[in-house]
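Text of start.pdb (PDB, C-alpha atoms) as supplied:
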ATOM      1  CA  MET J1186     -10.168  -1.307   7.587
ATOM      2  CA  SER J1187     -12.551   0.503   5.289
ATOM      3  CA  ARG J1188     -15.398  -0.369   7.682
ATOM      4  CA  PHE J1189     -13.693   1.681  10.402
ATOM      5  CA  PRO J1190     -12.383   4.783   8.590
ATOM      6  CA  GLU J1191     -11.589   6.661  11.795
ATOM      7  CA  LEU J1192      -9.420   3.857  13.170
ATOM      8  CA  ARG J1193      -5.668   4.437  12.986
ATOM      9  CA  PHE J1194      -2.969   1.792  12.623
ATOM     10  CA  ALA J1195       0.670   2.388  13.572
ATOM     11  CA  PHE J1196       3.265  -0.101  12.355
ATOM     12  CA  LEU J1197       6.551   0.081  14.220
ATOM     13  CA  GLU J1198       9.961  -1.522  13.866
ATOM     14  CA  GLY J1199       9.639  -2.020  10.114
ATOM     15  CA  GLY J1200      10.133   1.300   8.355
ATOM     16  CA  VAL J1201       7.902   2.373   5.488
ATOM     17  CA  ALA J1202       9.461   0.827   2.367
ATOM     18  CA  TRP J1203       7.401  -2.327   2.787
ATOM     19  CA  GLY J1204       4.257  -0.209   3.028
ATOM     20  CA  CYS J1205       5.031   1.484  -0.285
ATOM     21  CA  ASN J1206       5.664  -1.903  -1.864
ATOM     22  CA  LEU J1207       2.475  -3.397  -0.424
ATOM     23  CA  LEU J1208       0.368  -0.455  -1.562
ATOM     24  CA  SER J1209       1.760  -0.722  -5.075
ATOM     25  CA  ASP J1210       1.198  -4.483  -5.168
ATOM     26  CA  ILE J1211      -2.388  -4.302  -3.929
ATOM     27  CA  CYS J1212      -3.225  -1.546  -6.404
ATOM     28  CA  GLY J1213      -1.694  -3.633  -9.186
ATOM     29  CA  HIS J1214      -3.726  -6.681  -8.172
ATOM     30  CA  PHE J1215      -6.895  -4.607  -8.019
ATOM     31  CA  GLU J1216      -6.363  -3.236 -11.513
ATOM     32  CA  LYS J1217      -6.239  -6.789 -12.887
ATOM     33  CA  ARG J1218      -8.638  -8.607 -10.578
ATOM     34  CA  ASN J1219     -11.423  -6.186  -9.713
ATOM     35  CA  ARG J1220     -14.955  -7.429 -10.333
ATOM     36  CA  GLU J1221     -15.108  -6.100 -13.892
ATOM     37  CA  ASP J1222     -11.595  -6.803 -15.189
ATOM     38  CA  ILE J1223     -11.384 -10.317 -13.792
ATOM     39  CA  GLU J1224     -13.825 -11.238 -16.552
ATOM     40  CA  HIS J1225     -10.871 -11.019 -18.953
ATOM     41  CA  TYR J1226      -9.777 -14.377 -17.532
ATOM     42  CA  ASN J1227     -13.183 -16.047 -17.715
ATOM     43  CA  PRO J1228     -12.873 -19.194 -19.877
ATOM     44  CA  ALA J1229     -16.539 -18.802 -20.804
ATOM     45  CA  HIS J1230     -15.509 -15.926 -23.063
ATOM     46  CA  LEU J1231     -13.091 -18.103 -25.001
ATOM     47  CA  ASP J1232     -13.962 -18.839 -28.641
ATOM     48  CA  ARG J1233     -13.355 -22.579 -28.465
ATOM     49  CA  ALA J1234     -14.012 -23.241 -32.130
ATOM     50  CA  LEU J1235     -11.547 -20.567 -33.196
ATOM     51  CA  LEU J1236      -8.900 -21.759 -30.757
ATOM     52  CA  GLU J1237      -9.199 -25.373 -31.895
ATOM     53  CA  SER J1238      -9.009 -24.356 -35.560
ATOM     54  CA  LEU J1239      -5.873 -22.294 -34.885
ATOM     55  CA  ILE J1240      -4.283 -25.227 -33.089
ATOM     56  CA  ALA J1241      -5.118 -27.508 -36.008
ATOM     57  CA  GLU J1242      -3.746 -25.027 -38.535
ATOM     58  CA  HIS J1243      -0.612 -23.816 -36.798
ATOM     59  CA  GLY J1244       0.165 -26.250 -33.977
ATOM     60  CA  ASP J1245       2.586 -29.122 -34.130
ATOM     61  CA  ALA J1246       1.922 -32.579 -32.762
ATOM     62  CA  LEU J1247       2.647 -31.409 -29.232
ATOM     63  CA  PHE J1248      -0.596 -29.419 -29.408
ATOM     64  CA  THR J1249      -2.740 -31.173 -32.008
ATOM     65  CA  ASP J1250      -2.389 -34.511 -30.250
ATOM     66  CA  ARG J1251      -3.701 -32.972 -27.039
ATOM     67  CA  VAL J1252      -6.490 -30.739 -28.282
ATOM     68  CA  ASP J1253      -9.001 -33.087 -26.647
ATOM     69  CA  ARG J1254      -7.479 -32.111 -23.286
ATOM     70  CA  LEU J1255      -8.264 -28.428 -23.727
ATOM     71  CA  ASP J1256     -10.778 -28.407 -20.867
ATOM     72  CA  GLU J1257      -8.152 -29.857 -18.572
ATOM     73  CA  THR J1258      -5.689 -27.185 -19.637
ATOM     74  CA  LEU J1259      -8.160 -24.403 -18.958
ATOM     75  CA  SER J1260      -9.349 -25.751 -15.630
ATOM     76  CA  PHE J1261      -6.741 -23.842 -13.633
ATOM     77  CA  LEU J1262      -8.411 -20.589 -14.696
ATOM     78  CA  SER J1263     -11.802 -21.423 -13.279
ATOM     79  CA  ASP J1264     -13.479 -23.988 -11.091
ATOM     80  CA  SER J1265     -16.508 -25.421 -12.851
ATOM     81  CA  ASN J1266     -18.286 -25.518  -9.500
ATOM     82  CA  GLU J1267     -17.315 -21.967  -8.582
ATOM     83  CA  GLU J1268     -19.972 -19.957  -6.811
ATOM     84  CA  PRO J1269     -20.658 -16.678  -8.629
ATOM     85  CA  ASN J1270     -20.639 -14.750  -5.353
ATOM     86  CA  THR J1271     -17.015 -15.736  -4.693
ATOM     87  CA  ILE J1272     -15.612 -14.238  -7.885
ATOM     88  CA  ASP J1273     -15.392 -10.720  -6.479
ATOM     89  CA  GLU J1274     -12.307 -11.006  -4.265
ATOM     90  CA  TRP J1275     -12.802  -7.476  -2.925
ATOM     91  CA  GLU J1276     -16.471  -7.570  -2.005
ATOM     92  CA  LYS J1277     -16.137  -8.151   1.727
ATOM     93  CA  SER J1278     -13.399  -5.535   2.019
ATOM     94  CA  GLY J1279     -15.682  -2.729   0.911
ATOM     95  CA  ILE J1280     -13.093  -1.683  -1.671
ATOM     96  CA  THR J1281     -14.552  -0.658  -5.031
ATOM     97  CA  SER J1282     -11.723   1.385  -6.530
ATOM     98  CA  LYS J1283      -7.985   1.904  -6.396
ATOM     99  CA  ALA J1284      -8.679   5.205  -4.667
ATOM    100  CA  ASP J1285     -10.250   3.271  -1.780
ATOM    101  CA  ILE J1286      -7.017   1.311  -1.322
ATOM    102  CA  ILE J1287      -4.868   4.420  -1.413
ATOM    103  CA  LYS J1288      -7.118   6.191   1.077
ATOM    104  CA  ILE J1289      -6.668   3.382   3.610
ATOM    105  CA  PHE J1290      -2.883   3.527   3.291
ATOM    106  CA  THR J1291      -2.602   7.311   3.345
ATOM    107  CA  ASP J1292      -5.289   8.176   5.914
ATOM    108  CA  GLN J1293      -5.311   5.273   8.355
ATOM    109  CA  CYS J1294      -1.802   3.809   8.291
ATOM    110  CA  PHE J1295       1.289   5.245   9.965
ATOM    111  CA  PHE J1296       4.776   3.797   9.725
ATOM    112  CA  GLY J1297       7.400   4.162  12.438
ATOM    113  CA  CYS J1298      10.876   4.562  10.970
ATOM    114  CA  GLU J1299      14.448   4.535  12.211
ATOM    115  CA  ALA J1300      16.532   7.673  11.759
ATOM    116  CA  ASP J1301      19.224   6.050   9.621
ATOM    117  CA  ASP J1302      16.967   4.352   7.075
ATOM    118  CA  PRO J1303      17.273   6.158   3.715
ATOM    119  CA  MET J1304      14.236   4.236   2.445
ATOM    120  CA  ASN J1305      12.107   6.524   4.632
ATOM    121  CA  ALA J1306      12.128   8.864   1.658
ATOM    122  CA  LEU J1307       9.979   6.450  -0.333
ATOM    123  CA  ALA J1308       6.961   7.474   1.708
ATOM    124  CA  PHE J1309       7.105  10.961   0.208
ATOM    125  CA  ASN J1310       8.027   9.980  -3.352
ATOM    126  CA  ASP J1311       4.824  10.820  -5.172
ATOM    127  CA  ALA J1312       6.544  10.122  -8.482
ATOM    128  CA  ILE J1313       6.533   6.368  -7.873
ATOM    129  CA  ASN J1314       3.810   5.752  -5.289
ATOM    130  CA  PRO J1315       0.411   4.956  -6.838
ATOM    131  CA  ASP J1316      -1.433   8.020  -8.138
ATOM    132  CA  GLY J1317       1.037  10.384  -6.501
ATOM    133  CA  SER J1318       0.253   9.196  -2.995
ATOM    134  CA  ARG J1319       2.375   9.797   0.094
ATOM    135  CA  LEU J1320       2.463   7.475   3.071
ATOM    136  CA  ARG J1321       2.620   8.722   6.634
ATOM    137  CA  ALA J1322       6.108   7.848   7.718
ATOM    138  CA  MET J1323       7.038   9.060  11.180
ATOM    139  CA  PHE J1324      10.146   9.209  13.285
ATOM    140  CA  ALA J1325      10.062   6.401  15.860
ATOM    141  CA  SER J1326      13.661   5.702  16.722
ATOM    142  CA  ASP J1327      14.894   3.062  19.158
ATOM    143  CA  ILE J1328      17.102   5.747  20.611
ATOM    144  CA  GLY J1329      17.500   3.896  23.922
ATOM    145  CA  HIS J1330      18.511   0.555  22.446
ATOM    146  CA  TRP J1331      21.928  -1.063  22.735
ATOM    147  CA  ASP J1332      22.743  -0.367  19.060
ATOM    148  CA  VAL J1333      22.728   3.417  19.615
ATOM    149  CA  PRO J1334      26.163   4.062  21.121
ATOM    150  CA  ASP J1335      25.696   7.855  21.074
ATOM    151  CA  PHE J1336      22.263   9.372  21.683
ATOM    152  CA  THR J1337      23.334  12.640  20.117
ATOM    153  CA  GLY J1338      23.875  10.988  16.741
ATOM    154  CA  VAL J1339      20.281   9.897  16.126
ATOM    155  CA  LEU J1340      18.699  13.186  15.090
ATOM    156  CA  PRO J1341      21.619  14.153  12.820
ATOM    157  CA  GLU J1342      21.154  10.811  11.058
ATOM    158  CA  ALA J1343      17.505  11.642  10.456
ATOM    159  CA  TRP J1344      18.546  15.047   9.076
ATOM    160  CA  GLU J1345      20.578  13.262   6.392
ATOM    161  CA  LEU J1346      17.307  12.895   4.473
ATOM    162  CA  ILE J1347      17.545  16.666   3.959
ATOM    163  CA  GLU J1348      21.290  16.754   3.380
ATOM    164  CA  ASP J1349      21.026  14.067   0.705
ATOM    165  CA  ASP J1350      18.094  15.825  -1.004
ATOM    166  CA  LEU J1351      15.798  12.852  -0.451
ATOM    167  CA  VAL J1352      12.943  14.865   1.083
ATOM    168  CA  THR J1353      11.950  18.504   1.341
ATOM    169  CA  ARG J1354      11.890  20.429   4.605
ATOM    170  CA  ASP J1355       8.101  20.280   4.688
ATOM    171  CA  GLN J1356       8.222  16.516   4.213
ATOM    172  CA  PHE J1357      10.832  16.236   6.937
ATOM    173  CA  SER J1358       8.544  18.223   9.222
ATOM    174  CA  ASP J1359       5.775  15.715   8.546
ATOM    175  CA  PHE J1360       8.193  12.890   9.283
ATOM    176  CA  MET J1361       9.411  14.308  12.595
ATOM    177  CA  PHE J1362       6.248  15.984  13.841
ATOM    178  CA  GLY J1363       3.164  16.237  11.636
ATOM    179  CA  ASN J1364       2.432  12.565  11.073
ATOM    180  CA  VAL J1365       3.013  11.711  14.719
ATOM    181  CA  ALA J1366       0.549  14.424  15.732
ATOM    182  CA  ARG J1367      -1.983  13.213  13.147
ATOM    183  CA  LEU J1368      -1.739   9.657  14.409
ATOM    184  CA  PHE J1369      -2.575  10.415  18.032
ATOM    185  CA  THR J1370      -5.034  13.257  17.493
ATOM    186  CA  GLY J1371      -6.916  11.163  14.944
ATOM    187  CA  THR J1372      -8.624   9.370  17.813
ATOM    188  CA  ASN J1373      -8.071  11.901  20.592
ATOM    189  CA  PRO J1374      -7.757  15.572  19.558
ATOM    190  CA  HIS J1375      -6.585  16.460  23.075
ATOM    191  CA  PHE J1376      -3.820  13.878  23.243
ATOM    192  CA  PHE J1377      -1.060  16.499  23.376
ATOM    193  CA  ASP J1378      -2.789  18.910  25.738
ATOM    194  CA  GLY J1379      -0.463  19.899  28.535
ATOM    195  CA  THR J1380       2.669  18.864  26.632
ATOM    196  CA  ALA J1381       5.508  20.956  25.243
ATOM    197  CA  VAL J1382       4.068  20.728  21.731
ATOM    198  CA  GLU J1383       0.445  21.524  22.575
ATOM    199  CA  THR J1384       0.504  24.881  20.778
ATOM    200  CA  GLN J1385       2.143  23.476  17.645
ATOM    201  CA  VAL J1386      -0.300  20.562  17.482
ATOM    202  CA  ARG J1387      -3.298  22.859  17.903
ATOM    203  CA  GLN J1388      -1.983  25.021  15.058
ATOM    204  CA  LEU J1389      -1.516  21.949  12.851
ATOM    205  CA  LEU J1390      -5.092  20.804  13.499
ATOM    206  CA  ALA J1391      -6.423  24.298  12.837
ATOM    207  CA  ASP J1392      -4.527  24.542   9.551
ATOM    208  CA  GLU J1393      -5.923  21.207   8.380
ATOM    209  CA  ALA J1394      -9.491  21.688   9.620
TER     210      ALA J1394
END
Translate the structure described by the file into structure tokens.
Amino acid sequence: MSRFPELRFAFLEGGVAWGCNLLSDICGHFEKRNREDIEHYNPAHLDRALLESLIAEHGDALFTDRVDRLDETLSFLSDSNEEPNTIDEWEKSGITSKADIIKIFTDQCFFGCEADDPMNALAFNDAINPDGSRLRAMFASDIGHWDVPDFTGVLPEAWELIEDDLVTRDQFSDFMFGNVARLFTGTNPHFFDGTAVETQVRQLLADEA
């Protein structure tokens, strides 16, 4: 995705909670397994003589009787035939920092959400998302589906995010309008020309230019 920074991705039918979880997980993996920090797990840095002496001094028979199998024990950490150019798990992705990961999730990814999902608020929770990030959740209700017995109840359910103090009014505006506009105008600035919201979208783009 980092090779195509102008490309937008919209994920529907799944809400945004999984996106927050995935972003957090990937950032956590990067912090431990980026090209520099992965060296912490390199068996070549192990002081074998010290380790064996500590086993001899403090270990019971369970360890001392197996000290000759130390290489076998350590083998799961590294393949002796491993190619050096495969150690960097992130190289082909173009990602070199946690900020790169966050930028992909916050600039290129949009998440369609149902009105009655309280987990929509996670997208705007900069207290728990990595580095204070906010994901672009957007209203994308299945308002015409069989499980909506009353069409007039959908928007009030979305408004419960405000009533329950889960998001601010500005965040709710992004959820209902701003992020949808950003998604479609990201590849076609004139997408909403001739529609009922043309003026509002043009103002949004002008404000963010």
Selection in question (the file shown): the PyMOL selection byres ((chain J and resi 1366-1371) around 9). Which residues does it include, as number ranges by chain?
J: 1191-1195, 1293-1295, 1321, 1359, 1362-1365, 1372-1377, 1386, 1389-1390
Residue selection dump (C-alpha atoms) as a PDB file, in the coordinates of the input:
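The file below, selection_29.pdb, is the result:
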ATOM      1  CA  GLU J1191     -11.589   6.661  11.795  1.00  0.00           C
ATOM      2  CA  LEU J1192      -9.420   3.857  13.170  1.00  0.00           C
ATOM      3  CA  ARG J1193      -5.668   4.437  12.986  1.00  0.00           C
ATOM      4  CA  PHE J1194      -2.969   1.792  12.623  1.00  0.00           C
ATOM      5  CA  ALA J1195       0.670   2.388  13.572  1.00  0.00           C
ATOM      6  CA  GLN J1293      -5.311   5.273   8.355  1.00  0.00           C
ATOM      7  CA  CYS J1294      -1.802   3.809   8.291  1.00  0.00           C
ATOM      8  CA  PHE J1295       1.289   5.245   9.965  1.00  0.00           C
ATOM      9  CA  ARG J1321       2.620   8.722   6.634  1.00  0.00           C
ATOM     10  CA  ASP J1359       5.775  15.715   8.546  1.00  0.00           C
ATOM     11  CA  PHE J1362       6.248  15.984  13.841  1.00  0.00           C
ATOM     12  CA  GLY J1363       3.164  16.237  11.636  1.00  0.00           C
ATOM     13  CA  ASN J1364       2.432  12.565  11.073  1.00  0.00           C
ATOM     14  CA  VAL J1365       3.013  11.711  14.719  1.00  0.00           C
ATOM     15  CA  THR J1372      -8.624   9.370  17.813  1.00  0.00           C
ATOM     16  CA  ASN J1373      -8.071  11.901  20.592  1.00  0.00           C
ATOM     17  CA  PRO J1374      -7.757  15.572  19.558  1.00  0.00           C
ATOM     18  CA  HIS J1375      -6.585  16.460  23.075  1.00  0.00           C
ATOM     19  CA  PHE J1376      -3.820  13.878  23.243  1.00  0.00           C
ATOM     20  CA  PHE J1377      -1.060  16.499  23.376  1.00  0.00           C
ATOM     21  CA  VAL J1386      -0.300  20.562  17.482  1.00  0.00           C
ATOM     22  CA  LEU J1389      -1.516  21.949  12.851  1.00  0.00           C
ATOM     23  CA  LEU J1390      -5.092  20.804  13.499  1.00  0.00           C
TER      24      LEU J1390
END
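When all atoms listed in the file are used to measure the gap to J:Asp1273, the shortest distance among J:Val1339, J:Met1323, J:Ile1223, J:Ile1240 belongs to J:Ile1223.
Atom pair atom CA of J:Ala1300 / atom CA of J:Trp1344 has a distance of 8.1 Å (rounded to one decimal).
Selection result for the displayed file, with the PyMOL selection byres ((chain J and resi 1291) around 10) as criterion, is Leu1208, Ile1286, Ile1287, Lys1288, Ile1289, Phe1290, Asp1292, Gln1293, Cys1294, Phe1295, Ala1308, Ser1318, Arg1319, Leu1320, Arg1321 and Ala1322 of chain J.
Distances here use all atoms listed in the file; by that measure, the residue among J:Ile1347, J:Ala1241, J:Met1304, J:Ile1211 closest to J:Gly1199 is J:Met1304.
The interatomic distance for the pair atom CA of J:Ala1246 and atom CA of J:His1225 works out to 28.6 Å.
Interatomic distance, atom CA of J:Phe1296 against atom CA of J:Val1201: 5.5 Å.
Using only C-alpha atoms, the nearest neighbour of J:Asp1302 within the list J:Ser1187, J:Ser1326, J:His1243, J:Asp1250 is J:Ser1326.
Each of J:Pro1190, J:Gly1317, J:Gly1379, J:Gly1204 was checked against J:Gly1297 using only C-alpha atoms; the smallest atom-to-atom distance is that of J:Gly1204.
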To test your reading of the syntax: which residues would the PyMOL selection byres ((chain J and resi 1328) around 12) return for the file shown? Reply as a PyMOL selection string.
chain J and resi 1298-1301+1324-1327+1329-1340+1342-1343
As AutoDock Vina command-line options: centre and edge lengths in Å, one decimal, of the axis-aligned box holding stretch 1358-1368 of chain J with 4 Å per side:
--center_x 3.7 --center_y 13.9 --center_z 12.1 --size_x 19.4 --size_y 16.6 --size_z 15.2
Contact residues around J:Glu1237 with all atoms listed in the file at 12 Å, ignoring same-chain residues under 4 positions, as number ranges by chain
J: 1231-1233, 1241-1244, 1248-1256
Contact residues around J:Ala1202 with only C-alpha atoms at 7 Å, ignoring same-chain residues under 3 positions, as a PDB file with C-alpha atoms, keeping the file's coordinate frame:
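Result file follows (part_15.pdb):
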ATOM      1  CA  CYS J1205       5.031   1.484  -0.285  1.00  0.00           C
ATOM      2  CA  ASN J1206       5.664  -1.903  -1.864  1.00  0.00           C
ATOM      3  CA  MET J1304      14.236   4.236   2.445  1.00  0.00           C
ATOM      4  CA  ASN J1305      12.107   6.524   4.632  1.00  0.00           C
ATOM      5  CA  LEU J1307       9.979   6.450  -0.333  1.00  0.00           C
TER       6      LEU J1307
END
Can I get a file of stretch 1215-1245 of chain J from the given structure, C-alpha atoms kept, as a PDB file, in the first residue's frame?
ATOM      1  CA  PHE J1215       7.184  -3.560  14.173  1.00  0.00           C
ATOM      2  CA  GLU J1216       8.540  -2.256  17.463  1.00  0.00           C
ATOM      3  CA  LYS J1217       9.936  -5.713  18.257  1.00  0.00           C
ATOM      4  CA  ARG J1218      10.831  -7.009  14.805  1.00  0.00           C
ATOM      5  CA  ASN J1219      12.048  -4.052  12.771  1.00  0.00           C
ATOM      6  CA  ARG J1220      15.434  -4.462  11.108  1.00  0.00           C
ATOM      7  CA  GLU J1221      17.377  -3.046  14.054  1.00  0.00           C
ATOM      8  CA  ASP J1222      15.504  -4.479  17.045  1.00  0.00           C
ATOM      9  CA  ILE J1223      15.204  -7.986  15.645  1.00  0.00           C
ATOM     10  CA  GLU J1224      18.920  -8.274  16.380  1.00  0.00           C
ATOM     11  CA  HIS J1225      17.953  -8.657  20.048  1.00  0.00           C
ATOM     12  CA  TYR J1226      16.913 -12.208  19.152  1.00  0.00           C
ATOM     13  CA  ASN J1227      20.028 -13.074  17.160  1.00  0.00           C
ATOM     14  CA  PRO J1228      21.659 -16.158  18.744  1.00  0.00           C
ATOM     15  CA  ALA J1229      25.013 -14.938  17.434  1.00  0.00           C
ATOM     16  CA  HIS J1230      24.963 -12.307  20.175  1.00  0.00           C
ATOM     17  CA  LEU J1231      24.614 -14.920  22.896  1.00  0.00           C
ATOM     18  CA  ASP J1232      27.570 -15.354  25.266  1.00  0.00           C
ATOM     19  CA  ARG J1233      27.716 -19.138  25.059  1.00  0.00           C
ATOM     20  CA  ALA J1234      30.504 -19.547  27.580  1.00  0.00           C
ATOM     21  CA  LEU J1235      28.665 -17.463  30.156  1.00  0.00           C
ATOM     22  CA  LEU J1236      25.387 -19.274  29.567  1.00  0.00           C
ATOM     23  CA  GLU J1237      26.989 -22.702  29.919  1.00  0.00           C
ATOM     24  CA  SER J1238      28.784 -21.662  33.114  1.00  0.00           C
ATOM     25  CA  LEU J1239      25.518 -20.366  34.595  1.00  0.00           C
ATOM     26  CA  ILE J1240      23.786 -23.622  33.727  1.00  0.00           C
ATOM     27  CA  ALA J1241      26.594 -25.588  35.363  1.00  0.00           C
ATOM     28  CA  GLU J1242      26.508 -23.412  38.475  1.00  0.00           C
ATOM     29  CA  HIS J1243      22.787 -22.971  39.000  1.00  0.00           C
ATOM     30  CA  GLY J1244      21.000 -25.587  36.889  1.00  0.00           C
ATOM     31  CA  ASP J1245      19.741 -28.920  38.086  1.00  0.00           C
TER      32      ASP J1245
END
